[in-house]
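Content type mmCIF, C-alpha atoms; chains and numbers go by the auth columns, from the file coords_8.cif:
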```cif
data_target
#
loop_
_atom_site.group_PDB
_atom_site.id
_atom_site.type_symbol
_atom_site.label_atom_id
_atom_site.label_comp_id
_atom_site.label_asym_id
_atom_site.label_seq_id
_atom_site.Cartn_x
_atom_site.Cartn_y
_atom_site.Cartn_z
_atom_site.B_iso_or_equiv
_atom_site.auth_seq_id
_atom_site.auth_asym_id
ATOM 1 C CA MET A 1 18.573 -11.875 15.163 0.00 771 A
ATOM 2 C CA LEU A 2 19.716 -10.140 11.999 0.00 772 A
ATOM 3 C CA PRO A 3 19.577 -6.324 12.188 0.00 773 A
ATOM 4 C CA LEU A 4 18.734 -4.674 8.862 0.00 774 A
ATOM 5 C CA ALA A 5 21.049 -1.857 7.787 0.00 775 A
ATOM 6 C CA PRO A 6 19.852 1.722 7.256 0.00 776 A
ATOM 7 C CA LEU A 7 20.519 3.779 4.114 0.00 777 A
ATOM 8 C CA ASP A 8 22.718 6.102 6.176 0.00 778 A
ATOM 9 C CA ALA A 9 24.274 5.251 9.549 0.00 779 A
ATOM 10 C CA ALA A 10 23.438 8.775 10.760 0.00 780 A
ATOM 11 C CA TYR A 11 19.731 7.873 10.416 0.00 781 A
ATOM 12 C CA PRO A 12 19.322 4.412 11.992 0.00 782 A
ATOM 13 C CA ARG A 13 15.527 4.480 12.494 0.00 783 A
ATOM 14 C CA GLY A 14 13.258 2.386 10.300 0.00 784 A
ATOM 15 C CA ALA A 15 10.792 -0.478 10.225 0.00 785 A
ATOM 16 C CA ARG A 16 10.007 -3.522 8.184 0.00 786 A
ATOM 17 C CA SER A 17 6.481 -3.903 6.909 0.00 787 A
ATOM 18 C CA ALA A 18 6.505 -7.244 5.106 0.00 788 A
ATOM 19 C CA VAL A 19 8.689 -10.182 4.106 0.00 789 A
ATOM 20 C CA ASP A 20 8.265 -12.612 1.215 0.00 790 A
ATOM 21 C CA ASP A 21 8.993 -16.367 1.118 0.00 791 A
ATOM 22 C CA ALA A 22 12.532 -15.744 -0.197 0.00 792 A
ATOM 23 C CA GLY A 23 13.359 -13.513 2.762 0.00 793 A
ATOM 24 C CA VAL A 24 13.195 -10.218 0.854 0.00 794 A
ATOM 25 C CA VAL A 25 12.035 -7.519 3.260 0.00 795 A
ATOM 26 C CA ALA A 26 10.126 -4.305 2.491 0.00 796 A
ATOM 27 C CA GLY A 27 9.787 -1.320 4.778 0.00 797 A
ATOM 28 C CA TRP A 28 11.161 2.155 5.350 0.00 798 A
ATOM 29 C CA VAL A 29 14.246 3.812 6.778 0.00 799 A
ATOM 30 C CA ASP A 30 15.016 7.380 7.744 0.00 800 A
ATOM 31 C CA SER A 31 17.370 9.451 5.619 0.00 801 A
ATOM 32 C CA ALA A 32 18.494 13.075 5.396 0.00 802 A
ATOM 33 C CA ALA A 33 15.632 13.582 2.925 0.00 803 A
ATOM 34 C CA GLY A 34 13.023 11.982 5.215 0.00 804 A
ATOM 35 C CA PRO A 35 11.581 8.441 5.481 0.00 805 A
ATOM 36 C CA ARG A 36 12.177 6.352 2.343 0.00 806 A
ATOM 37 C CA ALA A 37 10.598 3.121 1.081 0.00 807 A
ATOM 38 C CA VAL A 38 13.200 0.366 0.775 0.00 808 A
ATOM 39 C CA ARG A 39 13.661 -3.267 -0.129 0.00 809 A
ATOM 40 C CA TRP A 40 16.320 -5.401 1.581 0.00 810 A
ATOM 41 C CA PRO A 41 17.015 -7.896 -1.254 0.00 811 A
ATOM 42 C CA ALA A 42 19.007 -10.507 0.615 0.00 812 A
ATOM 43 C CA LEU A 43 19.145 -11.540 4.224 0.00 813 A
ATOM 44 C CA ASP A 44 22.872 -12.247 4.307 0.00 814 A
ATOM 45 C CA ALA A 45 25.350 -11.201 6.997 0.00 815 A
ATOM 46 C CA ALA A 46 24.898 -7.474 6.285 0.00 816 A
ATOM 47 C CA PRO A 47 21.674 -6.796 4.365 0.00 817 A
ATOM 48 C CA VAL A 48 21.810 -3.396 2.672 0.00 818 A
ATOM 49 C CA PRO A 49 18.566 -1.622 1.725 0.00 819 A
ATOM 50 C CA ILE A 50 17.786 -0.418 -1.776 0.00 820 A
ATOM 51 C CA GLU A 51 15.755 2.788 -1.903 0.00 821 A
ATOM 52 C CA LEU A 52 12.689 2.508 -4.140 0.00 822 A
ATOM 53 C CA ALA A 53 12.583 5.243 -6.759 0.00 823 A
ATOM 54 C CA VAL A 54 9.136 6.717 -6.248 0.00 824 A
ATOM 55 C CA ALA A 55 8.301 9.491 -8.736 0.00 825 A
ATOM 56 C CA PRO A 56 7.537 12.361 -8.845 0.00 826 A
ATOM 57 C CA ALA A 57 10.592 14.152 -7.463 0.00 827 A
ATOM 58 C CA ALA A 58 8.397 16.031 -4.966 0.00 828 A
ATOM 59 C CA VAL A 59 8.328 13.028 -2.574 0.00 829 A
ATOM 60 C CA VAL A 60 9.072 14.046 1.013 0.00 830 A
ATOM 61 C CA ALA A 61 8.405 10.622 2.570 0.00 831 A
ATOM 62 C CA SER A 62 7.640 7.107 1.361 0.00 832 A
ATOM 63 C CA GLU A 63 7.098 3.702 2.893 0.00 833 A
ATOM 64 C CA ALA A 64 6.739 0.191 1.580 0.00 834 A
ATOM 65 C CA ARG A 65 3.738 -1.645 3.045 0.00 835 A
ATOM 66 C CA ALA A 66 3.547 -5.004 1.248 0.00 836 A
ATOM 67 C CA ILE A 67 5.621 -7.437 -0.806 0.00 837 A
ATOM 68 C CA ASP A 68 4.688 -10.394 -2.998 0.00 838 A
ATOM 69 C CA ALA A 69 6.542 -13.619 -3.848 0.00 839 A
ATOM 70 C CA ALA A 70 8.334 -11.975 -6.795 0.00 840 A
ATOM 71 C CA GLY A 71 9.649 -9.179 -4.568 0.00 841 A
ATOM 72 C CA ASP A 72 7.266 -6.553 -5.971 0.00 842 A
ATOM 73 C CA VAL A 73 6.574 -3.874 -3.360 0.00 843 A
ATOM 74 C CA ALA A 74 3.539 -1.638 -2.808 0.00 844 A
ATOM 75 C CA GLY A 75 3.210 1.363 -0.541 0.00 845 A
ATOM 76 C CA ARG A 76 2.594 5.069 -0.296 0.00 846 A
ATOM 77 C CA ALA A 77 4.456 8.338 -0.714 0.00 847 A
ATOM 78 C CA THR A 78 3.746 11.811 0.637 0.00 848 A
ATOM 79 C CA LEU A 79 4.386 14.707 -1.749 0.00 849 A
ATOM 80 C CA ASP A 80 5.556 18.202 -0.814 0.00 850 A
ATOM 81 C CA ASP A 81 2.043 19.584 -1.464 0.00 851 A
ATOM 82 C CA GLY A 82 0.544 17.203 1.138 0.00 852 A
ATOM 83 C CA ARG A 83 -0.991 14.683 -1.255 0.00 853 A
ATOM 84 C CA VAL A 84 -0.441 10.999 -0.523 0.00 854 A
ATOM 85 C CA ILE A 85 -0.076 8.666 -3.512 0.00 855 A
ATOM 86 C CA ALA A 86 -0.072 4.884 -3.838 0.00 856 A
ATOM 87 C CA PHE A 87 2.690 3.108 -5.736 0.00 857 A
ATOM 88 C CA VAL A 88 3.866 -0.328 -6.802 0.00 858 A
ATOM 89 C CA ASP A 89 7.500 -1.152 -7.601 0.00 859 A
ATOM 90 C CA ARG A 90 7.838 -4.216 -9.834 0.00 860 A
ATOM 91 C CA VAL A 91 11.144 -6.101 -9.608 0.00 861 A
ATOM 92 C CA GLY A 92 10.745 -7.419 -13.156 0.00 862 A
ATOM 93 C CA GLY A 93 9.852 -4.003 -14.559 0.00 863 A
ATOM 94 C CA ALA A 94 11.849 -1.894 -16.955 0.00 864 A
ATOM 95 C CA GLY A 95 13.902 -0.427 -14.113 0.00 865 A
ATOM 96 C CA ALA A 96 12.123 2.919 -14.336 0.00 866 A
ATOM 97 C CA GLY A 97 11.200 2.855 -10.665 0.00 867 A
ATOM 98 C CA ALA A 98 7.851 2.651 -9.003 0.00 868 A
ATOM 99 C CA THR A 99 4.564 3.201 -10.819 0.00 869 A
ATOM 100 C CA VAL A 100 2.133 5.676 -9.284 0.00 870 A
ATOM 101 C CA LEU A 101 -1.321 4.111 -8.989 0.00 871 A
ATOM 102 C CA PRO A 102 -4.374 6.201 -9.947 0.00 872 A
ATOM 103 C CA GLY A 103 -6.736 7.730 -7.412 0.00 873 A
ATOM 104 C CA LEU A 104 -10.525 7.481 -7.436 0.00 874 A
ATOM 105 C CA PRO A 105 -12.297 9.637 -10.043 0.00 875 A
ATOM 106 C CA GLY A 106 -13.716 12.908 -8.782 0.00 876 A
ATOM 107 C CA ALA A 107 -11.655 13.054 -5.594 0.00 877 A
ATOM 108 C CA THR A 108 -10.613 16.622 -4.784 0.00 878 A
ATOM 109 C CA ALA A 109 -8.155 15.831 -1.969 0.00 879 A
ATOM 110 C CA GLY A 110 -5.387 13.475 -3.017 0.00 880 A
ATOM 111 C CA PHE A 111 -5.000 10.436 -0.801 0.00 881 A
ATOM 112 C CA ALA A 112 -4.282 6.857 -1.810 0.00 882 A
ATOM 113 C CA GLU A 113 -2.178 4.138 -0.236 0.00 883 A
ATOM 114 C CA ALA A 114 -1.368 0.589 -1.277 0.00 884 A
ATOM 115 C CA LEU A 115 -1.557 -1.849 1.631 0.00 885 A
ATOM 116 C CA GLY A 116 -1.364 -5.306 0.043 0.00 886 A
ATOM 117 C CA LEU A 117 -0.697 -7.142 -3.196 0.00 887 A
ATOM 118 C CA ASP A 118 -0.990 -10.665 -4.502 0.00 888 A
ATOM 119 C CA ASP A 119 1.331 -12.697 -6.723 0.00 889 A
ATOM 120 C CA LEU A 120 -0.732 -11.862 -9.839 0.00 890 A
ATOM 121 C CA GLY A 121 -0.118 -8.117 -9.649 0.00 891 A
ATOM 122 C CA ARG A 122 -3.378 -7.037 -8.024 0.00 892 A
ATOM 123 C CA VAL A 123 -2.944 -4.310 -5.396 0.00 893 A
ATOM 124 C CA VAL A 124 -5.380 -3.338 -2.613 0.00 894 A
ATOM 125 C CA GLY A 125 -5.501 -0.324 -0.368 0.00 895 A
ATOM 126 C CA ALA A 126 -7.437 2.836 0.334 0.00 896 A
ATOM 127 C CA ALA A 127 -8.216 6.038 -1.564 0.00 897 A
ATOM 128 C CA ARG A 128 -10.252 9.160 -0.952 0.00 898 A
ATOM 129 C CA GLY A 129 -13.420 9.293 -3.040 0.00 899 A
ATOM 130 C CA ALA A 130 -15.457 12.169 -4.476 0.00 900 A
ATOM 131 C CA ASP A 131 -17.603 12.035 -1.297 0.00 901 A
ATOM 132 C CA GLY A 132 -14.551 12.918 0.844 0.00 902 A
ATOM 133 C CA ALA A 133 -14.450 9.545 2.612 0.00 903 A
ATOM 134 C CA VAL A 134 -11.584 7.073 2.287 0.00 904 A
ATOM 135 C CA HIS A 135 -12.721 3.844 0.603 0.00 905 A
ATOM 136 C CA ALA A 136 -11.289 0.352 0.165 0.00 906 A
ATOM 137 C CA VAL A 137 -9.934 -0.054 -3.358 0.00 907 A
ATOM 138 C CA LEU A 138 -8.473 -2.594 -5.756 0.00 908 A
ATOM 139 C CA TRP A 139 -6.002 -1.765 -8.521 0.00 909 A
ATOM 140 C CA THR A 140 -5.885 -4.296 -11.343 0.00 910 A
ATOM 141 C CA ASP A 141 -4.570 -3.893 -14.884 0.00 911 A
ATOM 142 C CA GLY A 142 -3.814 -0.223 -14.180 0.00 912 A
ATOM 143 C CA ALA A 143 -7.380 0.658 -13.169 0.00 913 A
ATOM 144 C CA ILE A 144 -8.814 1.470 -9.746 0.00 914 A
ATOM 145 C CA VAL A 145 -12.108 0.078 -8.419 0.00 915 A
ATOM 146 C CA ALA A 146 -13.857 1.173 -5.216 0.00 916 A
ATOM 147 C CA LEU A 147 -14.791 -2.109 -3.558 0.00 917 A
ATOM 148 C CA ASP A 148 -18.091 -0.647 -2.295 0.00 918 A
ATOM 149 C CA ASP A 149 -19.082 -0.176 -5.950 0.00 919 A
ATOM 150 C CA ALA A 150 -17.913 -3.648 -6.980 0.00 920 A
ATOM 151 C CA LEU A 151 -20.195 -5.408 -4.505 0.00 921 A
ATOM 152 C CA ALA A 152 -23.834 -6.132 -5.245 0.00 922 A
ATOM 153 C CA GLY A 153 -24.620 -4.384 -1.969 0.00 923 A
ATOM 154 C CA LEU A 154 -23.167 -3.966 1.473 0.00 924 A
ATOM 155 C CA PRO A 155 -24.427 -6.157 4.322 0.00 925 A
ATOM 156 C CA THR A 156 -26.937 -4.639 6.731 0.00 926 A
ATOM 157 C CA GLY A 157 -25.177 -2.411 9.225 0.00 927 A
ATOM 158 C CA VAL A 158 -22.140 -1.657 7.062 0.00 928 A
ATOM 159 C CA ARG A 159 -21.883 1.988 5.984 0.00 929 A
ATOM 160 C CA TYR A 160 -18.822 1.573 3.708 0.00 930 A
ATOM 161 C CA LEU A 161 -15.482 -0.228 3.335 0.00 931 A
ATOM 162 C CA SER A 162 -12.655 2.098 4.390 0.00 932 A
ATOM 163 C CA ALA A 163 -9.522 0.108 3.505 0.00 933 A
ATOM 164 C CA ALA A 164 -8.493 -3.156 1.888 0.00 934 A
ATOM 165 C CA VAL A 165 -5.444 -4.446 3.744 0.00 935 A
ATOM 166 C CA GLY A 166 -4.631 -7.733 2.036 0.00 936 A
ATOM 167 C CA ILE A 167 -5.412 -9.973 -0.919 0.00 937 A
ATOM 168 C CA ASP A 168 -4.568 -13.637 -1.473 0.00 938 A
ATOM 169 C CA GLY A 169 -4.153 -15.839 -4.541 0.00 939 A
ATOM 170 C CA ALA A 170 -7.799 -16.912 -4.347 0.00 940 A
ATOM 171 C CA ARG A 171 -8.831 -13.214 -4.693 0.00 941 A
ATOM 172 C CA ARG A 172 -10.135 -12.982 -1.130 0.00 942 A
ATOM 173 C CA ILE A 173 -9.689 -9.465 0.228 0.00 943 A
ATOM 174 C CA ALA A 174 -9.372 -8.494 3.884 0.00 944 A
ATOM 175 C CA ALA A 175 -11.055 -5.118 4.365 0.00 945 A
ATOM 176 C CA GLU A 176 -12.045 -2.738 7.123 0.00 946 A
ATOM 177 C CA ALA A 177 -15.788 -2.067 7.314 0.00 947 A
ATOM 178 C CA VAL A 178 -17.171 1.104 8.896 0.00 948 A
ATOM 179 C CA MET A 179 -20.369 0.228 10.705 0.00 949 A
ATOM 180 C CA ALA A 180 -23.548 2.333 10.627 0.00 950 A
ATOM 181 C CA SER A 181 -23.900 2.047 14.421 0.00 951 A
ATOM 182 C CA GLY A 182 -20.867 4.230 15.099 0.00 952 A
ATOM 183 C CA VAL A 183 -20.493 7.962 15.461 0.00 953 A
ATOM 184 C CA ASP A 184 -17.846 9.611 13.257 0.00 954 A
ATOM 185 C CA ASP A 185 -16.807 6.267 11.761 0.00 955 A
ATOM 186 C CA GLU A 186 -15.511 4.982 15.106 0.00 956 A
ATOM 187 C CA VAL A 187 -17.008 1.467 14.967 0.00 957 A
ATOM 188 C CA ARG A 188 -15.120 -0.724 12.516 0.00 958 A
ATOM 189 C CA ARG A 189 -14.982 -4.440 11.780 0.00 959 A
ATOM 190 C CA ILE A 190 -12.749 -6.636 9.658 0.00 960 A
ATOM 191 C CA ALA A 191 -14.506 -8.188 6.672 0.00 961 A
ATOM 192 C CA ILE A 192 -13.431 -10.844 4.204 0.00 962 A
ATOM 193 C CA LEU A 193 -14.619 -10.279 0.651 0.00 963 A
ATOM 194 C CA THR A 194 -14.880 -13.443 -1.405 0.00 964 A
ATOM 195 C CA PRO A 195 -13.938 -13.105 -5.067 0.00 965 A
ATOM 196 C CA ILE A 196 -15.985 -10.250 -6.513 0.00 966 A
ATOM 197 C CA TRP A 197 -14.725 -10.244 -10.100 0.00 967 A
#
```

Step by step, read the file and then write its structure as structure tokens.
Amino acid sequence: MLPLAPLDAAYPRGARSAVDDAGVVAGWVDSAAGPRAVRWPALDAAPVPIELAVAPAAVVASEARAIDAAGDVAGRATLDDGRVIAFVDRVGGAGAGATVLPGLPGATAGFAEALGLDDLGRVVGAARGADGAVHAVLWTDGAIVALDDALAGLPTGVRYLSAAVGIDGARRIAAEAVMASGVDDEVRRIAILTPIW
């Protein structure tokens, strides 16, 4: 077993969320400023986390949720006004830190989180829509798409897709489907979306 180091020994709590084929780990650790998204770049004798620079400065908590083969990390951050934003931190980027991903148009309450990404830069997750519900989304080329809208129609019995949790190189997306048979969105199923674009 190889314990992963915290940012600060006074705050030892944390969790890993994902690991890539090279052994780079993404997750979060506690700090004096609150939970922070981190990347452990090397699994050597004493792996030290690198805090991901998630802008804006009003971040009170952040966590990494997914990592791809290049070491790019996606996740979410909570701002001091209560909004939750999705981000992606590209290893090969200009070093400016993480990029905030856009929310769905018309949403009045800010909520978005990135839950998965593939090796081609596509990110999946969830975001609140104009209707107030949280929908499964795909970010590609800087744009956001609600997966409900991208499908020709939802299967019988599916009310909407509430989160996309993973995407593979063949563009298949694992999503959570809220079923029409439930009360208050309590009945959910996992769905696999075959390439839709």

Self-check item: Expected selection from the PyMOL selection byres ((chain A and resi 938) around 10), given as JSON, numbers by chain
Solution: {"A": [838, 886, 887, 888, 889, 890, 892, 936, 937, 939, 940, 941, 942, 943, 944]}

Practice problem: Please write as a ChimeraX atom specification the full residue list that the PyMOL selection byres ((chain A and resi 831) around 12) yields on this file. | Solution: /A:798-808,821-830,832-834,845-855

I'd like the neighbourhood of A:Ala796 as a short mmCIF file (atom, residue, chain, number, x, y, z; two decimals) with C-alpha atoms, keeping the file's coordinate frame, where a residue qualifies if any of its atoms comes within 7 Å (using all atoms listed in the file), though same-chain residues fewer than 5 positions away should be ignored.
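Output contents, as saved in around-v1.cif:
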```cif
data_model
loop_
_atom_site.label_atom_id
_atom_site.label_comp_id
_atom_site.auth_asym_id
_atom_site.auth_seq_id
_atom_site.Cartn_x
_atom_site.Cartn_y
_atom_site.Cartn_z
CA ARG A 786 10.01 -3.52 8.18
CA SER A 787 6.48 -3.90 6.91
CA ALA A 788 6.50 -7.24 5.11
CA VAL A 789 8.69 -10.18 4.11
CA VAL A 808 13.20 0.37 0.78
CA ARG A 809 13.66 -3.27 -0.13
CA TRP A 810 16.32 -5.40 1.58
CA ALA A 834 6.74 0.19 1.58
CA ARG A 835 3.74 -1.64 3.04
CA ALA A 836 3.55 -5.00 1.25
CA ILE A 837 5.62 -7.44 -0.81
CA VAL A 843 6.57 -3.87 -3.36
#
```

Self-check item: Polymer residues at most 12 Å from A:Val948, all atoms listed in the file, same-chain spacing of 3 or more positions, as number ranges by chain
Solution: A: 903-906, 918, 924-934, 945, 951-961

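The spacing separating atom CA of A:Ala916 from atom CA of A:Asp842 amounts to 22.5 Å.
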
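Separating atom CA of A:Val858 from atom CA of A:Ala779 is a distance of 26.7 Å.
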
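Taking atom CA of A:Leu871 and atom CA of A:Ala913 as the two end points, the separation is 8.1 Å.
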
Enclosing box along x, y and z for every listed atom of stretch 820-825 of chain A, padded 5 Å each side, centre and size in Å, one decimal, as JSON:
```
{"center_x": 13.0, "center_y": 4.5, "center_z": -5.3, "size_x": 19.5, "size_y": 19.9, "size_z": 17.0}
```

Quiz item: Of the residues A:Ala792, A:Leu885, A:Thr869, A:Leu874, which is the one nearest to A:Gly841, using only C-alpha atoms?
Solution: A:Ala792

Self-check item: 8 Å contact set for A:Pro811, all atoms listed in the file, chain neighbours under 5 positions out, as number ranges by chain
Solution: A: 793-795, 817-820
